[in-house]
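**Student:** My file is work36.cif. It has mmCIF, N, CA and C atoms:
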```
data_upload
loop_
_atom_site.group_PDB
_atom_site.id
_atom_site.type_symbol
_atom_site.label_atom_id
_atom_site.label_comp_id
_atom_site.auth_asym_id
_atom_site.auth_seq_id
_atom_site.Cartn_x
_atom_site.Cartn_y
_atom_site.Cartn_z
ATOM 1 N N MET T 1 0.838 -1.191 0.000
ATOM 2 C CA MET T 1 0.000 0.000 0.000
ATOM 3 C C MET T 1 0.872 1.239 0.000
ATOM 4 N N ASP T 2 0.442 2.232 -0.719
ATOM 5 C CA ASP T 2 1.155 3.498 -0.806
ATOM 6 C C ASP T 2 0.199 4.589 -0.361
ATOM 7 N N GLU T 3 0.743 5.665 0.158
ATOM 8 C CA GLU T 3 -0.107 6.799 0.498
ATOM 9 C C GLU T 3 0.624 8.087 0.200
ATOM 10 N N THR T 4 -0.154 9.118 -0.077
ATOM 11 C CA THR T 4 0.421 10.405 -0.419
ATOM 12 C C THR T 4 0.003 11.433 0.624
ATOM 13 N N HIS T 5 0.951 12.252 1.063
ATOM 14 C CA HIS T 5 0.683 13.340 2.004
ATOM 15 C C HIS T 5 1.188 14.628 1.378
ATOM 16 N N ASP T 6 0.426 15.701 1.530
ATOM 17 C CA ASP T 6 0.827 17.006 1.006
ATOM 18 C C ASP T 6 1.443 17.841 2.111
ATOM 19 N N ARG T 7 2.546 18.479 1.815
ATOM 20 C CA ARG T 7 3.211 19.401 2.737
ATOM 21 C C ARG T 7 3.626 20.620 1.930
ATOM 22 N N LYS T 8 2.754 21.612 1.856
ATOM 23 C CA LYS T 8 2.978 22.829 1.083
ATOM 24 C C LYS T 8 3.241 22.486 -0.371
ATOM 25 N N ASP T 9 4.425 22.767 -0.875
ATOM 26 C CA ASP T 9 4.714 22.475 -2.277
ATOM 27 C C ASP T 9 5.426 21.138 -2.453
ATOM 28 N N VAL T 10 5.401 20.319 -1.392
ATOM 29 C CA VAL T 10 6.055 19.016 -1.405
ATOM 30 C C VAL T 10 5.006 17.924 -1.221
ATOM 31 N N ALA T 11 5.029 16.939 -2.111
ATOM 32 C CA ALA T 11 4.164 15.768 -1.950
ATOM 33 C C ALA T 11 5.035 14.618 -1.472
ATOM 34 N N VAL T 12 4.581 13.933 -0.435
ATOM 35 C CA VAL T 12 5.296 12.772 0.082
ATOM 36 C C VAL T 12 4.489 11.534 -0.264
ATOM 37 N N VAL T 13 5.110 10.638 -1.009
ATOM 38 C CA VAL T 13 4.483 9.369 -1.370
ATOM 39 C C VAL T 13 5.238 8.278 -0.620
ATOM 40 N N THR T 14 4.513 7.491 0.157
ATOM 41 C CA THR T 14 5.120 6.427 0.950
ATOM 42 C C THR T 14 4.979 5.103 0.219
ATOM 43 N N ALA T 15 6.105 4.456 -0.013
ATOM 44 C CA ALA T 15 6.118 3.150 -0.673
ATOM 45 C C ALA T 15 6.207 2.062 0.394
ATOM 46 N N VAL T 16 5.285 1.126 0.342
ATOM 47 C CA VAL T 16 5.245 0.047 1.316
ATOM 48 C C VAL T 16 5.220 -1.282 0.578
ATOM 49 N N GLY T 17 6.131 -2.172 0.922
ATOM 50 C CA GLY T 17 6.109 -3.509 0.340
ATOM 51 C C GLY T 17 7.165 -3.729 -0.711
ATOM 52 N N GLU T 18 6.775 -4.497 -1.734
ATOM 53 C CA GLU T 18 7.689 -4.904 -2.795
ATOM 54 C C GLU T 18 7.232 -4.342 -4.131
ATOM 55 N N PHE T 19 8.218 -3.959 -4.954
ATOM 56 C CA PHE T 19 7.896 -3.382 -6.256
ATOM 57 C C PHE T 19 8.744 -4.016 -7.345
ATOM 58 N N ASP T 20 8.031 -4.509 -8.348
ATOM 59 C CA ASP T 20 8.668 -5.046 -9.547
ATOM 60 C C ASP T 20 7.783 -4.670 -10.728
ATOM 61 N N ALA T 21 8.086 -5.178 -11.895
ATOM 62 C CA ALA T 21 7.348 -4.793 -13.108
ATOM 63 C C ALA T 21 5.847 -5.048 -12.986
ATOM 64 N N GLU T 22 5.465 -6.070 -12.252
ATOM 65 C CA GLU T 22 4.043 -6.413 -12.138
ATOM 66 C C GLU T 22 3.289 -5.581 -11.119
ATOM 67 N N THR T 23 3.994 -4.933 -10.188
ATOM 68 C CA THR T 23 3.312 -4.220 -9.109
ATOM 69 C C THR T 23 3.516 -2.708 -9.128
ATOM 70 N N LEU T 24 4.126 -2.181 -10.184
ATOM 71 C CA LEU T 24 4.449 -0.759 -10.242
ATOM 72 C C LEU T 24 3.275 0.167 -10.555
ATOM 73 N N GLY T 25 2.229 -0.350 -11.150
ATOM 74 C CA GLY T 25 1.138 0.500 -11.630
ATOM 75 C C GLY T 25 0.622 1.524 -10.642
ATOM 76 N N PRO T 26 0.187 1.114 -9.459
ATOM 77 C CA PRO T 26 -0.376 2.089 -8.517
ATOM 78 C C PRO T 26 0.618 3.149 -8.048
ATOM 79 N N ILE T 27 1.830 2.752 -7.732
ATOM 80 C CA ILE T 27 2.784 3.756 -7.245
ATOM 81 C C ILE T 27 3.240 4.660 -8.379
ATOM 82 N N ARG T 28 3.339 4.126 -9.579
ATOM 83 C CA ARG T 28 3.669 4.970 -10.738
ATOM 84 C C ARG T 28 2.616 6.066 -10.890
ATOM 85 N N ALA T 29 1.356 5.686 -10.817
ATOM 86 C CA ALA T 29 0.261 6.653 -10.947
ATOM 87 C C ALA T 29 0.324 7.700 -9.843
ATOM 88 N N GLU T 30 0.562 7.276 -8.599
ATOM 89 C CA GLU T 30 0.637 8.222 -7.481
ATOM 90 C C GLU T 30 1.796 9.197 -7.634
ATOM 91 N N LEU T 31 2.953 8.680 -8.006
ATOM 92 C CA LEU T 31 4.134 9.535 -8.132
ATOM 93 C C LEU T 31 3.963 10.574 -9.240
ATOM 94 N N PHE T 32 3.459 10.154 -10.395
ATOM 95 C CA PHE T 32 3.301 11.109 -11.489
ATOM 96 C C PHE T 32 2.152 12.080 -11.236
ATOM 97 N N ALA T 33 1.111 11.645 -10.534
ATOM 98 C CA ALA T 33 0.035 12.567 -10.156
ATOM 99 C C ALA T 33 0.576 13.629 -9.196
ATOM 100 N N ALA T 34 1.416 13.209 -8.254
ATOM 101 C CA ALA T 34 2.033 14.163 -7.323
ATOM 102 C C ALA T 34 2.927 15.139 -8.076
ATOM 103 N N ALA T 35 3.636 14.654 -9.072
ATOM 104 C CA ALA T 35 4.539 15.508 -9.853
ATOM 105 C C ALA T 35 3.778 16.569 -10.641
ATOM 106 N N GLU T 36 2.548 16.291 -11.002
ATOM 107 C CA GLU T 36 1.750 17.259 -11.757
ATOM 108 C C GLU T 36 1.293 18.430 -10.901
ATOM 109 N N THR T 37 1.199 18.233 -9.598
ATOM 110 C CA THR T 37 0.618 19.265 -8.736
ATOM 111 C C THR T 37 1.571 19.828 -7.690
ATOM 112 N N HIS T 38 2.785 19.304 -7.610
ATOM 113 C CA HIS T 38 3.740 19.755 -6.596
ATOM 114 C C HIS T 38 5.102 20.009 -7.226
ATOM 115 N N ARG T 39 5.812 20.948 -6.652
ATOM 116 C CA ARG T 39 7.156 21.271 -7.139
ATOM 117 C C ARG T 39 8.156 20.173 -6.809
ATOM 118 N N VAL T 40 7.989 19.545 -5.645
ATOM 119 C CA VAL T 40 8.904 18.501 -5.174
ATOM 120 C C VAL T 40 8.100 17.254 -4.841
ATOM 121 N N VAL T 41 8.615 16.096 -5.251
ATOM 122 C CA VAL T 41 8.023 14.817 -4.874
ATOM 123 C C VAL T 41 9.057 14.064 -4.046
ATOM 124 N N VAL T 42 8.644 13.660 -2.849
ATOM 125 C CA VAL T 42 9.507 12.871 -1.972
ATOM 126 C C VAL T 42 8.947 11.464 -1.906
ATOM 127 N N LEU T 43 9.797 10.501 -2.208
ATOM 128 C CA LEU T 43 9.428 9.095 -2.044
ATOM 129 C C LEU T 43 9.967 8.637 -0.702
ATOM 130 N N ASP T 44 9.073 8.341 0.233
ATOM 131 C CA ASP T 44 9.462 7.792 1.534
ATOM 132 C C ASP T 44 9.628 6.290 1.336
ATOM 133 N N ALA T 45 10.869 5.841 1.295
ATOM 134 C CA ALA T 45 11.171 4.445 0.971
ATOM 135 C C ALA T 45 11.461 3.594 2.204
ATOM 136 N N ALA T 46 11.271 4.130 3.386
ATOM 137 C CA ALA T 46 11.637 3.428 4.620
ATOM 138 C C ALA T 46 10.941 2.077 4.773
ATOM 139 N N ALA T 47 9.713 1.949 4.300
ATOM 140 C CA ALA T 47 8.946 0.708 4.459
ATOM 141 C C ALA T 47 8.982 -0.169 3.209
ATOM 142 N N LEU T 48 9.897 0.132 2.313
ATOM 143 C CA LEU T 48 10.034 -0.654 1.089
ATOM 144 C C LEU T 48 10.848 -1.912 1.401
ATOM 145 N N ASN T 49 10.326 -3.078 1.019
ATOM 146 C CA ASN T 49 11.007 -4.346 1.302
ATOM 147 C C ASN T 49 11.860 -4.841 0.150
ATOM 148 N N PHE T 50 11.450 -4.542 -1.072
ATOM 149 C CA PHE T 50 12.174 -5.016 -2.253
ATOM 150 C C PHE T 50 11.829 -4.120 -3.430
ATOM 151 N N ALA T 51 12.838 -3.860 -4.255
ATOM 152 C CA ALA T 51 12.627 -3.116 -5.496
ATOM 153 C C ALA T 51 13.621 -3.630 -6.526
ATOM 154 N N ASP T 52 13.144 -3.822 -7.747
ATOM 155 C CA ASP T 52 14.033 -4.308 -8.799
ATOM 156 C C ASP T 52 14.342 -3.194 -9.793
ATOM 157 N N SER T 53 14.949 -3.563 -10.900
ATOM 158 C CA SER T 53 15.376 -2.565 -11.883
ATOM 159 C C SER T 53 14.201 -1.822 -12.509
ATOM 160 N N SER T 54 13.024 -2.425 -12.561
ATOM 161 C CA SER T 54 11.871 -1.708 -13.113
ATOM 162 C C SER T 54 11.467 -0.562 -12.187
ATOM 163 N N PHE T 55 11.619 -0.738 -10.891
ATOM 164 C CA PHE T 55 11.361 0.336 -9.937
ATOM 165 C C PHE T 55 12.404 1.435 -10.098
ATOM 166 N N LEU T 56 13.648 1.043 -10.271
ATOM 167 C CA LEU T 56 14.704 2.016 -10.509
ATOM 168 C C LEU T 56 14.424 2.812 -11.780
ATOM 169 N N ASN T 57 13.988 2.148 -12.821
ATOM 170 C CA ASN T 57 13.630 2.828 -14.066
ATOM 171 C C ASN T 57 12.518 3.848 -13.821
ATOM 172 N N LEU T 58 11.530 3.489 -13.035
ATOM 173 C CA LEU T 58 10.454 4.416 -12.681
ATOM 174 C C LEU T 58 11.020 5.656 -11.991
ATOM 175 N N LEU T 59 11.932 5.467 -11.051
ATOM 176 C CA LEU T 59 12.512 6.604 -10.336
ATOM 177 C C LEU T 59 13.300 7.509 -11.272
ATOM 178 N N ILE T 60 14.012 6.929 -12.210
ATOM 179 C CA ILE T 60 14.777 7.730 -13.173
ATOM 180 C C ILE T 60 13.829 8.521 -14.076
ATOM 181 N N GLN T 61 12.737 7.893 -14.505
ATOM 182 C CA GLN T 61 11.741 8.613 -15.313
ATOM 183 C C GLN T 61 11.156 9.773 -14.530
ATOM 184 N N LEU T 62 10.826 9.533 -13.272
ATOM 185 C CA LEU T 62 10.253 10.581 -12.435
ATOM 186 C C LEU T 62 11.273 11.697 -12.188
ATOM 187 N N HIS T 63 12.517 11.333 -11.986
ATOM 188 C CA HIS T 63 13.594 12.313 -11.802
ATOM 189 C C HIS T 63 13.667 13.256 -13.001
ATOM 190 N N ARG T 64 13.431 12.742 -14.185
ATOM 191 C CA ARG T 64 13.460 13.566 -15.402
ATOM 192 C C ARG T 64 12.238 14.479 -15.496
ATOM 193 N N ALA T 65 11.153 14.118 -14.817
ATOM 194 C CA ALA T 65 9.901 14.858 -14.923
ATOM 195 C C ALA T 65 9.718 15.913 -13.833
ATOM 196 N N THR T 66 10.403 15.744 -12.694
ATOM 197 C CA THR T 66 10.177 16.642 -11.561
ATOM 198 C C THR T 66 11.385 16.624 -10.640
ATOM 199 N N LEU T 67 11.315 17.407 -9.581
ATOM 200 C CA LEU T 67 12.345 17.386 -8.548
ATOM 201 C C LEU T 67 11.987 16.255 -7.587
ATOM 202 N N LEU T 68 12.736 15.170 -7.665
ATOM 203 C CA LEU T 68 12.475 13.965 -6.875
ATOM 204 C C LEU T 68 13.528 13.832 -5.789
ATOM 205 N N ARG T 69 13.055 13.518 -4.586
ATOM 206 C CA ARG T 69 13.949 13.165 -3.480
ATOM 207 C C ARG T 69 13.518 11.812 -2.943
ATOM 208 N N ILE T 70 14.481 10.999 -2.609
ATOM 209 C CA ILE T 70 14.195 9.676 -2.058
ATOM 210 C C ILE T 70 14.652 9.678 -0.608
ATOM 211 N N ALA T 71 13.726 9.370 0.295
ATOM 212 C CA ALA T 71 14.004 9.430 1.725
ATOM 213 C C ALA T 71 14.137 8.040 2.324
ATOM 214 N N ALA T 72 15.161 7.889 3.147
ATOM 215 C CA ALA T 72 15.365 6.706 3.978
ATOM 216 C C ALA T 72 15.312 5.384 3.214
ATOM 217 N N PRO T 73 16.080 5.265 2.136
ATOM 218 C CA PRO T 73 16.028 4.000 1.403
ATOM 219 C C PRO T 73 16.621 2.860 2.234
ATOM 220 N N PRO T 74 15.996 1.697 2.204
ATOM 221 C CA PRO T 74 16.569 0.543 2.912
ATOM 222 C C PRO T 74 17.851 0.087 2.216
ATOM 223 N N HIS T 75 18.590 -0.763 2.881
ATOM 224 C CA HIS T 75 19.888 -1.216 2.378
ATOM 225 C C HIS T 75 19.793 -1.774 0.959
ATOM 226 N N GLN T 76 18.790 -2.595 0.691
ATOM 227 C CA GLN T 76 18.667 -3.226 -0.627
ATOM 228 C C GLN T 76 18.530 -2.177 -1.722
ATOM 229 N N LEU T 77 17.739 -1.148 -1.483
ATOM 230 C CA LEU T 77 17.552 -0.107 -2.482
ATOM 231 C C LEU T 77 18.816 0.753 -2.613
ATOM 232 N N SER T 78 19.443 1.064 -1.498
ATOM 233 C CA SER T 78 20.697 1.817 -1.548
ATOM 234 C C SER T 78 21.750 1.042 -2.329
ATOM 235 N N ARG T 79 21.790 -0.236 -2.127
ATOM 236 C CA ARG T 79 22.755 -1.086 -2.848
ATOM 237 C C ARG T 79 22.464 -1.072 -4.347
ATOM 238 N N LEU T 80 21.193 -1.144 -4.722
ATOM 239 C CA LEU T 80 20.809 -1.068 -6.132
ATOM 240 C C LEU T 80 21.262 0.258 -6.734
ATOM 241 N N PHE T 81 21.062 1.351 -6.007
ATOM 242 C CA PHE T 81 21.515 2.666 -6.471
ATOM 243 C C PHE T 81 23.035 2.678 -6.678
ATOM 244 N N GLU T 82 23.767 2.139 -5.713
ATOM 245 C CA GLU T 82 25.229 2.119 -5.797
ATOM 246 C C GLU T 82 25.708 1.276 -6.976
ATOM 247 N N MET T 83 25.139 0.098 -7.145
ATOM 248 C CA MET T 83 25.582 -0.822 -8.195
ATOM 249 C C MET T 83 25.333 -0.269 -9.589
ATOM 250 N N THR T 84 24.285 0.522 -9.744
ATOM 251 C CA THR T 84 23.926 1.036 -11.064
ATOM 252 C C THR T 84 24.435 2.455 -11.307
ATOM 253 N N GLY T 85 24.964 3.088 -10.293
ATOM 254 C CA GLY T 85 25.400 4.477 -10.421
ATOM 255 C C GLY T 85 24.273 5.474 -10.248
ATOM 256 N N ALA T 86 23.076 4.990 -9.957
ATOM 257 C CA ALA T 86 21.929 5.884 -9.772
ATOM 258 C C ALA T 86 22.105 6.782 -8.556
ATOM 259 N N ASP T 87 22.960 6.380 -7.614
ATOM 260 C CA ASP T 87 23.207 7.222 -6.447
ATOM 261 C C ASP T 87 23.888 8.537 -6.839
ATOM 262 N N GLN T 88 24.486 8.585 -8.022
ATOM 263 C CA GLN T 88 25.092 9.811 -8.524
ATOM 264 C C GLN T 88 24.075 10.702 -9.229
ATOM 265 N N LEU T 89 22.944 10.129 -9.608
ATOM 266 C CA LEU T 89 21.896 10.843 -10.336
ATOM 267 C C LEU T 89 20.765 11.297 -9.419
ATOM 268 N N LEU T 90 20.319 10.401 -8.559
ATOM 269 C CA LEU T 90 19.148 10.659 -7.729
ATOM 270 C C LEU T 90 19.527 11.392 -6.446
ATOM 271 N N ASP T 91 18.588 12.178 -5.942
ATOM 272 C CA ASP T 91 18.767 12.922 -4.692
ATOM 273 C C ASP T 91 18.260 12.045 -3.551
ATOM 274 N N VAL T 92 19.182 11.387 -2.867
ATOM 275 C CA VAL T 92 18.834 10.455 -1.798
ATOM 276 C C VAL T 92 19.168 11.106 -0.469
ATOM 277 N N ARG T 93 18.185 11.097 0.432
ATOM 278 C CA ARG T 93 18.353 11.713 1.757
ATOM 279 C C ARG T 93 18.187 10.627 2.827
ATOM 280 N N PRO T 94 18.927 10.713 3.927
ATOM 281 C CA PRO T 94 18.868 9.659 4.947
ATOM 282 C C PRO T 94 17.555 9.578 5.722
ATOM 283 N N THR T 95 16.834 10.708 5.823
ATOM 284 C CA THR T 95 15.586 10.702 6.589
ATOM 285 C C THR T 95 14.487 11.439 5.820
ATOM 286 N N LEU T 96 13.261 11.167 6.193
ATOM 287 C CA LEU T 96 12.124 11.861 5.594
ATOM 288 C C LEU T 96 12.179 13.344 5.954
ATOM 289 N N ALA T 97 12.503 13.661 7.190
ATOM 290 C CA ALA T 97 12.556 15.059 7.612
ATOM 291 C C ALA T 97 13.537 15.851 6.748
ATOM 292 N N GLU T 98 14.675 15.268 6.457
ATOM 293 C CA GLU T 98 15.666 15.959 5.628
ATOM 294 C C GLU T 98 15.185 16.093 4.194
ATOM 295 N N ALA T 99 14.487 15.092 3.680
ATOM 296 C CA ALA T 99 13.994 15.127 2.299
ATOM 297 C C ALA T 99 12.896 16.163 2.117
ATOM 298 N N VAL T 100 12.114 16.402 3.128
ATOM 299 C CA VAL T 100 11.010 17.351 3.028
ATOM 300 C C VAL T 100 11.510 18.797 3.100
ATOM 301 N N ARG T 101 12.612 19.000 3.813
ATOM 302 C CA ARG T 101 13.187 20.345 3.905
ATOM 303 C C ARG T 101 13.710 20.802 2.558
ATOM 304 N N SER T 102 13.633 22.075 2.294
ATOM 305 C CA SER T 102 14.126 22.625 1.020
ATOM 306 C C SER T 102 15.628 22.563 0.917
#
```
In structure tokens, what does this structure look like?
**Tutor:**
Amino acid sequence: MDETHDRKDVAVVTAVGEFDAETLGPIRAELFAAAETHRVVVLDAAALNFADSSFLNLLIQLHRATLLRIAAPPHQLSRLFEMTGADQLLDVRPTLAEAVRS
């Protein structure tokens, strides 16, 4: 389950569970809807259990469309970012509080 919270010009979308090519539809819709109405989109990844390359592709697409910040990624996601070099592209913050701040 994912949920979106509004904080001024920042939308926070919380990712919960596992994401792969078959399960991306709902979170893709939420993230891009948030990008249409907010200057900054923060993905709260703290409750994410698994993400594969299709999820990474989604984040890169969103990064191209808006100002994206990723908050509190779990080890598996951080490792995926490191292995692919996405950690050099994406704005990753250690906590949600830091990601929400300008």
**Student:** Tell me which protein, DNA and RNA residues are within 5 Å of T:Asp52, counting all atoms listed in the file, leaving out same-chain ones fewer than 3 positions away, and put them as number ranges by chain.
**Tutor:** T: 19-20, 55-56
**Student:** Can you check which residues of chain T DSSP gives as strand (DSSP E or B) on the backbone and send them as a ChimeraX atom specification?
**Tutor:** /T:3-7,10-19,40-51,67-71,91-93
**Student:** Dump N, CA and C atoms for the selected residues as an mmCIF file, keeping the file's coordinate frame?
**Tutor:**
```
data_model
loop_
_atom_site.group_PDB
_atom_site.id
_atom_site.type_symbol
_atom_site.label_atom_id
_atom_site.label_comp_id
_atom_site.auth_asym_id
_atom_site.auth_seq_id
_atom_site.Cartn_x
_atom_site.Cartn_y
_atom_site.Cartn_z
ATOM 1 N N GLU T 3 0.743 5.665 0.158
ATOM 2 C CA GLU T 3 -0.107 6.799 0.498
ATOM 3 C C GLU T 3 0.624 8.087 0.200
ATOM 4 N N THR T 4 -0.154 9.118 -0.077
ATOM 5 C CA THR T 4 0.421 10.405 -0.419
ATOM 6 C C THR T 4 0.003 11.433 0.624
ATOM 7 N N HIS T 5 0.951 12.252 1.063
ATOM 8 C CA HIS T 5 0.683 13.340 2.004
ATOM 9 C C HIS T 5 1.188 14.628 1.378
ATOM 10 N N ASP T 6 0.426 15.701 1.530
ATOM 11 C CA ASP T 6 0.827 17.006 1.006
ATOM 12 C C ASP T 6 1.443 17.841 2.111
ATOM 13 N N ARG T 7 2.546 18.479 1.815
ATOM 14 C CA ARG T 7 3.211 19.401 2.737
ATOM 15 C C ARG T 7 3.626 20.620 1.930
ATOM 16 N N VAL T 10 5.401 20.319 -1.392
ATOM 17 C CA VAL T 10 6.055 19.016 -1.405
ATOM 18 C C VAL T 10 5.006 17.924 -1.221
ATOM 19 N N ALA T 11 5.029 16.939 -2.111
ATOM 20 C CA ALA T 11 4.164 15.768 -1.950
ATOM 21 C C ALA T 11 5.035 14.618 -1.472
ATOM 22 N N VAL T 12 4.581 13.933 -0.435
ATOM 23 C CA VAL T 12 5.296 12.772 0.082
ATOM 24 C C VAL T 12 4.489 11.534 -0.264
ATOM 25 N N VAL T 13 5.110 10.638 -1.009
ATOM 26 C CA VAL T 13 4.483 9.369 -1.370
ATOM 27 C C VAL T 13 5.238 8.278 -0.620
ATOM 28 N N THR T 14 4.513 7.491 0.157
ATOM 29 C CA THR T 14 5.120 6.427 0.950
ATOM 30 C C THR T 14 4.979 5.103 0.219
ATOM 31 N N ALA T 15 6.105 4.456 -0.013
ATOM 32 C CA ALA T 15 6.118 3.150 -0.673
ATOM 33 C C ALA T 15 6.207 2.062 0.394
ATOM 34 N N VAL T 16 5.285 1.126 0.342
ATOM 35 C CA VAL T 16 5.245 0.047 1.316
ATOM 36 C C VAL T 16 5.220 -1.282 0.578
ATOM 37 N N GLY T 17 6.131 -2.172 0.922
ATOM 38 C CA GLY T 17 6.109 -3.509 0.340
ATOM 39 C C GLY T 17 7.165 -3.729 -0.711
ATOM 40 N N GLU T 18 6.775 -4.497 -1.734
ATOM 41 C CA GLU T 18 7.689 -4.904 -2.795
ATOM 42 C C GLU T 18 7.232 -4.342 -4.131
ATOM 43 N N PHE T 19 8.218 -3.959 -4.954
ATOM 44 C CA PHE T 19 7.896 -3.382 -6.256
ATOM 45 C C PHE T 19 8.744 -4.016 -7.345
ATOM 46 N N VAL T 40 7.989 19.545 -5.645
ATOM 47 C CA VAL T 40 8.904 18.501 -5.174
ATOM 48 C C VAL T 40 8.100 17.254 -4.841
ATOM 49 N N VAL T 41 8.615 16.096 -5.251
ATOM 50 C CA VAL T 41 8.023 14.817 -4.874
ATOM 51 C C VAL T 41 9.057 14.064 -4.046
ATOM 52 N N VAL T 42 8.644 13.660 -2.849
ATOM 53 C CA VAL T 42 9.507 12.871 -1.972
ATOM 54 C C VAL T 42 8.947 11.464 -1.906
ATOM 55 N N LEU T 43 9.797 10.501 -2.208
ATOM 56 C CA LEU T 43 9.428 9.095 -2.044
ATOM 57 C C LEU T 43 9.967 8.637 -0.702
ATOM 58 N N ASP T 44 9.073 8.341 0.233
ATOM 59 C CA ASP T 44 9.462 7.792 1.534
ATOM 60 C C ASP T 44 9.628 6.290 1.336
ATOM 61 N N ALA T 45 10.869 5.841 1.295
ATOM 62 C CA ALA T 45 11.171 4.445 0.971
ATOM 63 C C ALA T 45 11.461 3.594 2.204
ATOM 64 N N ALA T 46 11.271 4.130 3.386
ATOM 65 C CA ALA T 46 11.637 3.428 4.620
ATOM 66 C C ALA T 46 10.941 2.077 4.773
ATOM 67 N N ALA T 47 9.713 1.949 4.300
ATOM 68 C CA ALA T 47 8.946 0.708 4.459
ATOM 69 C C ALA T 47 8.982 -0.169 3.209
ATOM 70 N N LEU T 48 9.897 0.132 2.313
ATOM 71 C CA LEU T 48 10.034 -0.654 1.089
ATOM 72 C C LEU T 48 10.848 -1.912 1.401
ATOM 73 N N ASN T 49 10.326 -3.078 1.019
ATOM 74 C CA ASN T 49 11.007 -4.346 1.302
ATOM 75 C C ASN T 49 11.860 -4.841 0.150
ATOM 76 N N PHE T 50 11.450 -4.542 -1.072
ATOM 77 C CA PHE T 50 12.174 -5.016 -2.253
ATOM 78 C C PHE T 50 11.829 -4.120 -3.430
ATOM 79 N N ALA T 51 12.838 -3.860 -4.255
ATOM 80 C CA ALA T 51 12.627 -3.116 -5.496
ATOM 81 C C ALA T 51 13.621 -3.630 -6.526
ATOM 82 N N LEU T 67 11.315 17.407 -9.581
ATOM 83 C CA LEU T 67 12.345 17.386 -8.548
ATOM 84 C C LEU T 67 11.987 16.255 -7.587
ATOM 85 N N LEU T 68 12.736 15.170 -7.665
ATOM 86 C CA LEU T 68 12.475 13.965 -6.875
ATOM 87 C C LEU T 68 13.528 13.832 -5.789
ATOM 88 N N ARG T 69 13.055 13.518 -4.586
ATOM 89 C CA ARG T 69 13.949 13.165 -3.480
ATOM 90 C C ARG T 69 13.518 11.812 -2.943
ATOM 91 N N ILE T 70 14.481 10.999 -2.609
ATOM 92 C CA ILE T 70 14.195 9.676 -2.058
ATOM 93 C C ILE T 70 14.652 9.678 -0.608
ATOM 94 N N ALA T 71 13.726 9.370 0.295
ATOM 95 C CA ALA T 71 14.004 9.430 1.725
ATOM 96 C C ALA T 71 14.137 8.040 2.324
ATOM 97 N N ASP T 91 18.588 12.178 -5.942
ATOM 98 C CA ASP T 91 18.767 12.922 -4.692
ATOM 99 C C ASP T 91 18.260 12.045 -3.551
ATOM 100 N N VAL T 92 19.182 11.387 -2.867
ATOM 101 C CA VAL T 92 18.834 10.455 -1.798
ATOM 102 C C VAL T 92 19.168 11.106 -0.469
ATOM 103 N N ARG T 93 18.185 11.097 0.432
ATOM 104 C CA ARG T 93 18.353 11.713 1.757
ATOM 105 C C ARG T 93 18.187 10.627 2.827
#
```
**Student:** With 8 Å of padding per side, what axis-aligned box (centre and edge lengths, Å, one decimal) covers all the listed atoms of stretch 69-85 of chain T? Give it as lines of an AutoDock Vina configuration file.
**Tutor:**
```
center_x = 19.4
center_y = 5.1
center_z = -3.7
size_x = 28.7
size_y = 32.7
size_z = 31.3
```
**Student:** Determine, counting only C-alpha atoms, which protein, DNA and RNA residues have an atom within 7 Å of an atom of stretch 85-91 of chain T; residues of the same chain fewer than 5 positions away are not included. Present the result as a short mmCIF file (atom, residue, chain, number, x, y, z; two decimals) with N, CA and C atoms, in the coordinates of the input.
**Tutor:**
```
data_model
loop_
_atom_site.label_atom_id
_atom_site.label_comp_id
_atom_site.auth_asym_id
_atom_site.auth_seq_id
_atom_site.Cartn_x
_atom_site.Cartn_y
_atom_site.Cartn_z
N LEU T 68 12.74 15.17 -7.66
CA LEU T 68 12.48 13.96 -6.88
C LEU T 68 13.53 13.83 -5.79
N ARG T 69 13.06 13.52 -4.59
CA ARG T 69 13.95 13.16 -3.48
C ARG T 69 13.52 11.81 -2.94
N ILE T 70 14.48 11.00 -2.61
CA ILE T 70 14.20 9.68 -2.06
C ILE T 70 14.65 9.68 -0.61
#
```
**Student:** Which residue gives the smallest distance to T:Val10 among T:Met83, T:Leu48, T:Val41, T:Ala65, with all atoms listed in the file counted?
**Tutor:** T:Val41
**Student:** Got a sec: who's within 10 Å of T:Ala72, counting only C-alpha atoms, leaving out chain neighbours fewer than 4 positions off, as a compact mmCIF listing (two decimals) with N, CA and C atoms, in the coordinates of the input?
**Tutor:**
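For reference, around24.txt as written:
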```txt
# COMPACT_ATOMS: atom_id res chain seq x y z
N LEU T 43 9.80 10.50 -2.21
CA LEU T 43 9.43 9.10 -2.04
C LEU T 43 9.97 8.64 -0.70
N ASP T 44 9.07 8.34 0.23
CA ASP T 44 9.46 7.79 1.53
C ASP T 44 9.63 6.29 1.34
N ALA T 45 10.87 5.84 1.30
CA ALA T 45 11.17 4.44 0.97
C ALA T 45 11.46 3.59 2.20
N ALA T 46 11.27 4.13 3.39
CA ALA T 46 11.64 3.43 4.62
C ALA T 46 10.94 2.08 4.77
N ALA T 47 9.71 1.95 4.30
CA ALA T 47 8.95 0.71 4.46
C ALA T 47 8.98 -0.17 3.21
N LEU T 48 9.90 0.13 2.31
CA LEU T 48 10.03 -0.65 1.09
C LEU T 48 10.85 -1.91 1.40
N LEU T 77 17.74 -1.15 -1.48
CA LEU T 77 17.55 -0.11 -2.48
C LEU T 77 18.82 0.75 -2.61
N SER T 78 19.44 1.06 -1.50
CA SER T 78 20.70 1.82 -1.55
C SER T 78 21.75 1.04 -2.33
N VAL T 92 19.18 11.39 -2.87
CA VAL T 92 18.83 10.46 -1.80
C VAL T 92 19.17 11.11 -0.47
N ARG T 93 18.18 11.10 0.43
CA ARG T 93 18.35 11.71 1.76
C ARG T 93 18.19 10.63 2.83
N PRO T 94 18.93 10.71 3.93
CA PRO T 94 18.87 9.66 4.95
C PRO T 94 17.56 9.58 5.72
N THR T 95 16.83 10.71 5.82
CA THR T 95 15.59 10.70 6.59
C THR T 95 14.49 11.44 5.82
N LEU T 96 13.26 11.17 6.19
CA LEU T 96 12.12 11.86 5.59
C LEU T 96 12.18 13.34 5.95
N ALA T 97 12.50 13.66 7.19
CA ALA T 97 12.56 15.06 7.61
C ALA T 97 13.54 15.85 6.75
N GLU T 98 14.68 15.27 6.46
CA GLU T 98 15.67 15.96 5.63
C GLU T 98 15.18 16.09 4.19
N ALA T 99 14.49 15.09 3.68
CA ALA T 99 13.99 15.13 2.30
C ALA T 99 12.90 16.16 2.12
```
